[in-house]
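What follows is one structure encoded as structure tokens, with my remarks underneath.
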Amino acid sequence: MDLQTTKLNVIQKIMHVSTASLLEKINTLLDEEMIVGYTVDGQPLTKKAYNARLKAAEKQIRAGQTLTQEELEKEVERW
């Protein structure tokens with residue numbers, strides 16, 4: 001099946017859903033899997049992946065794994 005046909009099939013199924021709880025689950029899944037941004041090297045990021053990266057960054061900050069402005073400027077000079 002091609003992508004267009006799959007989309008139409010999914011739309012038809014969603015149109016026949018009769019419970020709000022199932023629609024909420026579908027909506028949540030779509031929200032988590034939709035591309036919300038891109039990495040610096042152009043790779044797509046889903047909301048789920050973006051949030052995972054944020055949590056990892058927060059963990060690094062709490063662990064003191066940060067750079068001062070001066071350290072960052074020195075690192076940039078080495079590029």
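Chain labels follow the order of the structure tokens: the first chain is A, the next B, and so on; residue numbering restarts at 1 in every chain, and ligands are counted from 1 in their shown order.
Non-sequential neighbours of Leu23 in chain A (distance at most 12 Å, separation of 6 or more positions within a chain, only C-alpha atoms) are A:Ile11, A:Lys13, A:Ile14, A:Met15, A:His16, A:Val17, A:Leu29, A:Leu30.
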Go ahead and save the picked residues with C-alpha atoms, as an mmCIF file, in the first residue's frame.
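Writing done, so here's selection_18.cif:
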```
data_model
loop_
_atom_site.group_PDB
_atom_site.id
_atom_site.type_symbol
_atom_site.label_atom_id
_atom_site.label_comp_id
_atom_site.auth_asym_id
_atom_site.auth_seq_id
_atom_site.Cartn_x
_atom_site.Cartn_y
_atom_site.Cartn_z
ATOM 1 C CA ILE A 11 -8.919 8.785 7.975
ATOM 2 C CA LYS A 13 -11.227 4.482 10.378
ATOM 3 C CA ILE A 14 -10.977 7.638 12.486
ATOM 4 C CA MET A 15 -14.269 8.900 11.055
ATOM 5 C CA HIS A 16 -15.976 5.767 12.421
ATOM 6 C CA VAL A 17 -14.520 5.976 15.932
ATOM 7 C CA LEU A 29 0.007 9.259 19.542
ATOM 8 C CA LEU A 30 -0.040 11.693 16.637
#
```
Residue set, chain A restricted to strand (DSSP E or B), as a PDB file with N, CA and C atoms, in the first residue's frame:
```pdb
ATOM      1  N   ILE A  35       6.654  15.420  13.615  1.00  0.00           N
ATOM      2  CA  ILE A  35       7.950  16.094  13.611  1.00  0.00           C
ATOM      3  C   ILE A  35       7.737  17.534  14.079  1.00  0.00           C
ATOM      4  N   VAL A  36       8.488  17.906  15.129  1.00  0.00           N
ATOM      5  CA  VAL A  36       8.348  19.251  15.705  1.00  0.00           C
ATOM      6  C   VAL A  36       9.589  20.103  15.499  1.00  0.00           C
ATOM      7  N   GLY A  37      10.652  19.505  14.996  1.00  0.00           N
ATOM      8  CA  GLY A  37      11.886  20.253  14.779  1.00  0.00           C
ATOM      9  C   GLY A  37      12.940  19.372  14.144  1.00  0.00           C
ATOM     10  N   TYR A  38      14.130  19.928  14.055  1.00  0.00           N
ATOM     11  CA  TYR A  38      15.240  19.209  13.428  1.00  0.00           C
ATOM     12  C   TYR A  38      16.504  19.425  14.237  1.00  0.00           C
ATOM     13  N   PRO A  44      15.160  14.850  11.545  1.00  0.00           N
ATOM     14  CA  PRO A  44      13.869  15.230  12.125  1.00  0.00           C
ATOM     15  C   PRO A  44      13.743  14.784  13.576  1.00  0.00           C
ATOM     16  N   LEU A  45      13.044  15.584  14.372  1.00  0.00           N
ATOM     17  CA  LEU A  45      12.794  15.271  15.777  1.00  0.00           C
ATOM     18  C   LEU A  45      11.294  15.192  16.023  1.00  0.00           C
ATOM     19  N   THR A  46      10.861  14.082  16.590  1.00  0.00           N
ATOM     20  CA  THR A  46       9.473  13.990  17.024  1.00  0.00           C
ATOM     21  C   THR A  46       9.361  14.676  18.380  1.00  0.00           C
TER      22      THR A  46
END
```
Members of chain A assigned alpha helix (DSSP H) by DSSP, as a PyMOL selection string: chain A and resi 3-15+20-33+47-62+69-77
